[in-house]
$ cat work23.cif   # mmCIF, C-alpha atoms
data_start
#
loop_
_atom_site.label_atom_id
_atom_site.label_comp_id
_atom_site.auth_asym_id
_atom_site.auth_seq_id
_atom_site.Cartn_x
_atom_site.Cartn_y
_atom_site.Cartn_z
CA MET A 24 0.00 0.00 0.00
CA ARG A 25 1.47 3.33 -1.03
CA ARG A 26 1.86 5.90 1.70
CA LYS A 27 0.31 9.24 1.02
CA ARG A 28 2.95 11.88 0.47
CA GLN A 29 2.81 14.70 2.96
CA ASN A 30 3.44 18.22 1.84
CA PRO A 31 6.11 20.14 3.75
CA PRO A 32 4.79 22.68 6.23
CA ARG A 33 4.15 26.09 4.75
CA ARG A 34 6.24 28.95 5.94
CA THR A 35 4.42 31.99 7.17
CA ARG A 36 5.55 35.30 5.85
CA GLN A 37 6.57 37.68 8.60
CA GLY A 38 6.46 41.45 8.31
CA SER A 39 9.56 42.88 6.73
CA ILE A 40 10.81 45.84 4.79
CA SER A 41 13.08 45.65 1.78
CA PRO A 42 15.78 42.95 1.45
CA ARG A 43 18.39 45.69 1.64
CA LEU A 44 17.25 46.73 5.10
CA THR A 45 16.82 43.21 6.48
CA SER A 46 20.06 41.71 5.22
CA ASP A 47 21.78 42.27 8.57
CA ARG A 48 19.92 39.22 10.00
CA LEU A 49 19.72 40.58 13.51
CA ALA A 50 18.54 38.31 16.30
CA LEU A 51 15.15 39.92 16.87
CA PRO A 52 12.42 38.69 19.23
CA LYS A 53 9.98 36.22 17.72
CA ASP A 54 7.32 37.99 15.61
CA ALA A 55 9.08 41.34 16.14
CA GLY A 56 7.10 43.87 14.16
CA GLY A 57 4.66 41.29 12.83
CA THR A 58 1.62 42.60 10.98
CA LEU A 59 2.09 46.02 12.57
CA GLU A 60 5.43 46.40 10.79
CA THR A 61 3.98 45.15 7.52
CA ARG A 62 1.28 47.80 7.75
CA LEU A 63 3.46 50.72 8.87
CA VAL A 64 6.77 50.39 7.02
CA GLY A 65 6.96 52.87 4.16
CA ARG A 66 4.34 55.18 5.60
CA PRO A 67 5.15 58.79 6.58
CA LEU A 68 4.58 60.05 10.07
CA PRO A 69 1.28 61.97 10.15
CA ASP A 70 1.14 65.72 10.56
CA VAL A 71 -0.31 65.41 14.07
CA GLN A 72 0.28 68.16 16.62
CA LEU A 73 1.27 66.79 20.03
CA GLN A 74 1.84 68.84 23.15
CA TYR A 75 5.29 68.93 24.71
CA ALA A 76 5.02 71.90 27.06
CA HIS A 77 2.43 74.35 28.33
CA GLU A 78 0.56 75.57 25.24
CA ALA A 79 3.41 74.38 22.98
CA PHE A 80 2.90 71.78 20.26
CA LEU A 81 5.11 69.95 17.79
CA SER A 82 4.29 68.06 14.61
CA LEU A 83 5.75 64.56 14.21
CA ALA A 84 5.86 65.06 10.45
CA GLY A 85 7.69 68.35 10.96
CA LEU A 86 10.28 66.71 13.22
CA ALA A 87 10.79 63.88 10.72
CA GLY A 88 11.33 66.43 7.97
CA ARG A 89 14.42 67.75 9.74
CA ARG A 90 16.22 64.61 10.91
CA SER A 91 15.83 60.87 11.22
CA LEU A 92 13.97 59.79 14.35
CA VAL A 93 13.70 57.04 16.91
CA VAL A 94 10.23 57.35 18.45
CA PHE A 95 9.54 55.17 21.47
CA PHE A 96 6.05 54.82 22.93
CA TYR A 97 5.47 53.99 26.58
CA PRO A 98 2.34 53.55 28.73
CA ALA A 99 3.14 55.83 31.67
CA THR A 100 5.83 56.79 34.14
CA GLU A 101 5.36 56.21 37.86
CA GLU A 102 3.26 59.06 39.24
CA SER A 103 4.74 58.59 42.69
CA MET A 104 8.36 58.94 41.58
CA THR A 105 10.34 61.64 43.36
CA PRO A 106 13.97 62.76 42.99
CA ASP A 107 14.87 60.80 46.14
CA GLU A 108 13.65 57.54 44.59
CA GLY A 109 16.38 57.47 41.97
CA LEU A 110 16.34 57.73 38.22
CA ALA A 111 14.39 54.63 37.28
CA SER A 112 11.73 53.31 39.63
CA GLY A 113 9.65 51.61 36.91
CA VAL A 114 9.90 49.92 33.52
CA ASP A 115 9.18 53.06 31.51
CA GLU A 116 11.61 55.13 33.55
CA ARG A 117 14.32 52.57 32.84
CA ARG A 118 13.46 52.68 29.14
CA ALA A 119 13.81 56.47 29.14
CA VAL A 120 17.15 56.25 30.94
CA ALA A 121 18.35 53.63 28.43
CA TRP A 122 17.45 55.93 25.55
CA MET A 123 19.21 58.78 27.31
CA GLY A 124 22.35 56.65 27.28
CA CYS A 125 22.05 56.19 23.49
CA GLU A 126 21.07 59.75 22.64
CA GLU A 127 24.57 61.10 21.98
CA LYS A 128 25.47 58.20 19.67
CA LEU A 129 22.19 58.58 17.79
CA GLN A 130 22.78 62.31 17.41
CA ARG A 131 26.12 61.60 15.75
CA MET A 132 24.34 59.29 13.29
CA GLY A 133 21.74 61.96 12.53
CA TYR A 134 18.86 60.71 14.70
CA ASP A 135 16.75 62.49 17.30
CA VAL A 136 15.04 60.54 20.10
CA ILE A 137 11.37 61.28 20.84
CA GLY A 138 9.26 59.77 23.61
CA VAL A 139 5.45 59.61 23.34
CA SER A 140 2.83 58.57 25.88
CA SER A 141 -0.76 59.30 26.79
CA GLN A 142 0.27 61.19 29.92
CA SER A 143 -0.45 64.89 30.20
CA ALA A 144 2.18 67.46 29.25
CA ILE A 145 2.46 68.41 32.94
CA GLU A 146 3.26 64.82 33.92
CA GLN A 147 5.73 64.55 31.05
CA ALA A 148 7.48 67.77 32.06
CA ARG A 149 7.71 66.63 35.68
CA PHE A 150 9.25 63.33 34.68
CA ALA A 151 11.73 64.96 32.27
CA SER A 152 12.83 67.40 34.98
CA LEU A 153 13.51 64.62 37.48
CA ILE A 154 15.97 62.72 35.31
CA PRO A 155 16.57 65.16 33.39
CA LEU A 156 16.14 63.87 29.86
CA PRO A 157 18.02 65.38 26.90
CA PHE A 158 15.22 64.63 24.43
CA ILE A 159 11.60 65.68 23.90
CA LEU A 160 8.62 63.88 25.46
CA LEU A 161 5.35 64.38 23.61
CA SER A 162 1.92 64.05 25.18
CA ASP A 163 -0.95 62.32 23.37
CA PRO A 164 -3.75 61.96 25.95
CA GLU A 165 -6.34 61.68 23.17
CA LEU A 166 -4.41 58.78 21.60
CA LYS A 167 -4.48 60.46 18.20
CA LEU A 168 -1.87 58.06 16.84
CA SER A 169 -4.01 55.06 17.76
CA ASP A 170 -6.56 56.31 15.24
CA HIS A 171 -6.18 56.99 11.52
CA PRO A 172 -3.72 56.72 9.87
CA LEU A 173 -1.26 54.73 12.05
CA HIS A 174 -3.63 52.81 14.34
CA LEU A 175 -0.90 52.17 16.90
CA PRO A 176 -1.75 49.46 19.45
CA THR A 177 -3.09 50.38 22.87
CA THR A 178 -4.01 48.46 25.98
CA GLY A 179 -6.37 48.99 28.91
CA ALA A 180 -10.02 49.81 29.42
CA ARG A 181 -11.69 52.47 27.31
CA SER A 182 -11.17 55.27 29.84
CA GLU A 183 -7.65 54.09 30.77
CA ARG A 184 -6.14 53.23 27.41
CA VAL A 185 -2.40 53.69 27.01
CA TYR A 186 0.07 52.93 24.24
CA GLU A 187 1.73 49.54 24.19
CA PRO A 188 5.54 49.69 24.37
CA LEU A 189 7.00 49.98 20.88
CA ALA A 190 9.65 51.84 18.92
CA LEU A 191 9.63 53.31 15.40
CA VAL A 192 12.68 54.15 13.31
CA VAL A 193 12.01 56.95 10.82
CA ARG A 194 14.32 57.87 7.94
CA ARG A 195 13.64 60.34 5.13
CA GLN A 196 10.26 61.04 6.72
CA GLU A 197 9.12 57.40 6.41
CA ILE A 198 8.81 54.60 8.95
CA VAL A 199 11.48 52.03 8.06
CA ARG A 200 11.33 49.71 11.07
CA VAL A 201 8.86 48.79 13.82
CA PHE A 202 9.92 47.11 17.05
CA HIS A 203 6.79 45.55 18.54
CA PRO A 204 6.33 43.65 20.72
CA ILE A 205 9.53 44.63 22.46
CA ASP A 206 11.27 43.45 25.60
CA PRO A 207 12.28 46.70 27.36
CA THR A 208 15.47 45.03 28.57
CA TYR A 209 16.75 44.54 25.02
CA GLU A 210 15.06 47.44 23.25
CA THR A 211 17.92 49.91 22.93
CA PRO A 212 20.61 47.34 21.97
CA LEU A 213 18.37 45.88 19.24
CA VAL A 214 17.39 49.25 17.81
CA MET A 215 20.97 50.56 17.93
CA ARG A 216 22.34 47.45 16.17
CA TRP A 217 19.71 47.73 13.47
CA ILE A 218 20.38 51.43 12.87
CA ARG A 219 24.15 50.85 12.68
CA SER A 220 23.58 48.10 10.13
CA ILE A 221 21.57 50.28 7.74
CA GLU A 222 23.83 53.32 8.19
CA ARG A 223 26.78 51.18 7.03
CA GLN A 224 25.01 50.27 3.78
#
$ encode --input "work23.cif" --output "structure tokens"
Amino acid sequence: MRRKRQNPPRRTRQGSISPRLTSDRLALPKDAGGTLETRLVGRPLPDVQLQYAHEAFLSLAGLAGRRSLVVFFYPATEESMTPDEGLASGVDERRAVAWMGCEEKLQRMGYDVIGVSSQSAIEQARFASLIPLPFILLSDPELKLSDHPLHLPTTGARSERVYEPLALVVRRQEIVRVFHPIDPTYETPLVMRWIRSIERQ
């Protein structure tokens, strides 16, 4: 009796950008980027005005028009953090400190670092003054970037929604890489390695 031939398992296609930008073969987390990367890569940052200080607003598209960007999104910093509690009392504080450590190297490569969360501009300013951070924190309490056109992922109940942790790399005004989901422990090394790889090409 002839045995029925089994077809080899089909490979699923993961989100990617062009072969030129993925040839570095970095060891990324499983499903890094996923469908979110497939949907976002190649798209420009929207001309959305986000608050960064009292009655002061900046456009993401305007910032991307000047320099390349690394934009990291975080849920919220610890509201109870005080200067006496140190620089990094929570996950998002540690992420901000890690990006602070990379900021000078990114500047030399032509990148600005931007942090975005749903916290108010007052909370953002308080946090930035405690560290202090050398880069801009933008406030998006209305979660404008979770709507059209980017539809960035959020978590939490309707009245308590916050952005999921993720990072975007933007070059020539377009999103070229999405890091999501991301382990905060390895976020900055992964992003820095990827940026170095494409800047060498």
$ resolve_selection --input "work23.cif" --expression "the PyMOL selection byres ((chain A and resi 199-202) around 8)" --output "MDAnalysis selection string"
chainID A and resid 40 55:56 59:60 63:65 189:194 197:198 203:205 214
$ resolve_selection --input "work23.cif" --expression "the PyMOL selection byres ((chain A and resi 123-134) around 7)" --output "list in words"
Arg90, Ser91, Leu92, Val93, Ala119, Val120, Ala121, Trp122, Asp135, Val136, Leu156 and Pro157 of chain A
$ atom_distance --input "work23.cif" --atom1 "CA of Leu161 in chain A" --atom2 "CA of Leu86 in chain A"
11.7 Å
$ resolve_selection --input "work23.cif" --expression "the PyMOL selection byres ((chain A and resi 172) around 10)" --output "ChimeraX atom specification"
/A:63,66-69,167-171,173-175
$ closest_residue --input "work23.cif" --among "A:Leu83, A:Thr208, A:Thr177, A:Gln196" --to "Ile137 in chain A" --atoms "all atoms listed in the file"
A:Leu83
$ residues_around --input "work23.cif" --residues "Gln147 in chain A" --least-positions-apart "4" --cutoff "10 Å" --atoms "only C-alpha atoms" --output "VMD selection string"
chain A and resid 74 to 76 99 to 100 138 to 143 151 to 152 159 to 162
$ write_last_selection --input "work23.cif" --atoms "C-alpha atoms" --output "tab-separated table (two decimals), in the frame of the given file"
chain	number	residue	atom	x	y	z
A	74	GLN	CA	1.84	68.84	23.15
A	75	TYR	CA	5.29	68.93	24.71
A	76	ALA	CA	5.02	71.90	27.06
A	99	ALA	CA	3.14	55.83	31.67
A	100	THR	CA	5.83	56.79	34.14
A	138	GLY	CA	9.26	59.77	23.61
A	139	VAL	CA	5.45	59.61	23.34
A	140	SER	CA	2.83	58.57	25.88
A	141	SER	CA	-0.76	59.30	26.79
A	142	GLN	CA	0.27	61.19	29.92
A	143	SER	CA	-0.45	64.89	30.20
A	151	ALA	CA	11.73	64.96	32.27
A	152	SER	CA	12.83	67.40	34.98
A	159	ILE	CA	11.60	65.68	23.90
A	160	LEU	CA	8.62	63.88	25.46
A	161	LEU	CA	5.35	64.38	23.61
A	162	SER	CA	1.92	64.05	25.18
$ atom_distance --input "work23.cif" --atom1 "CA of Asp163 in chain A" --atom2 "CA of Phe150 in chain A"
15.3 Å
$ atom_distance --input "work23.cif" --atom1 "CA of Ala148 in chain A" --atom2 "CA of Arg181 in chain A"
25.0 Å
$ residues_around --input "work23.cif" --residues "Asp70 in chain A" --least-positions-apart "6" --cutoff "9 Å" --atoms "all atoms listed in the file" --output "MDAnalysis selection string"
chainID A and resid 82:85
$ decode --input "work23.cif" --residues "range 63-87 of chain A" --atoms "C-alpha atoms" --output "PDB file, in the first residue's frame"
ATOM      1  CA  LEU A  63       3.457  50.720   8.867  1.00  0.00           C
ATOM      2  CA  VAL A  64       6.771  50.390   7.021  1.00  0.00           C
ATOM      3  CA  GLY A  65       6.962  52.867   4.158  1.00  0.00           C
ATOM      4  CA  ARG A  66       4.337  55.185   5.602  1.00  0.00           C
ATOM      5  CA  PRO A  67       5.147  58.785   6.577  1.00  0.00           C
ATOM      6  CA  LEU A  68       4.577  60.054  10.073  1.00  0.00           C
ATOM      7  CA  PRO A  69       1.281  61.966  10.151  1.00  0.00           C
ATOM      8  CA  ASP A  70       1.138  65.717  10.565  1.00  0.00           C
ATOM      9  CA  VAL A  71      -0.313  65.414  14.073  1.00  0.00           C
ATOM     10  CA  GLN A  72       0.279  68.158  16.616  1.00  0.00           C
ATOM     11  CA  LEU A  73       1.266  66.793  20.035  1.00  0.00           C
ATOM     12  CA  GLN A  74       1.837  68.842  23.151  1.00  0.00           C
ATOM     13  CA  TYR A  75       5.293  68.926  24.713  1.00  0.00           C
ATOM     14  CA  ALA A  76       5.021  71.901  27.059  1.00  0.00           C
ATOM     15  CA  HIS A  77       2.431  74.346  28.329  1.00  0.00           C
ATOM     16  CA  GLU A  78       0.561  75.568  25.238  1.00  0.00           C
ATOM     17  CA  ALA A  79       3.412  74.377  22.976  1.00  0.00           C
ATOM     18  CA  PHE A  80       2.901  71.784  20.260  1.00  0.00           C
ATOM     19  CA  LEU A  81       5.108  69.950  17.791  1.00  0.00           C
ATOM     20  CA  SER A  82       4.291  68.059  14.605  1.00  0.00           C
ATOM     21  CA  LEU A  83       5.747  64.562  14.210  1.00  0.00           C
ATOM     22  CA  ALA A  84       5.865  65.058  10.452  1.00  0.00           C
ATOM     23  CA  GLY A  85       7.693  68.345  10.961  1.00  0.00           C
ATOM     24  CA  LEU A  86      10.277  66.708  13.223  1.00  0.00           C
ATOM     25  CA  ALA A  87      10.794  63.880  10.717  1.00  0.00           C
TER      26      ALA A  87
END
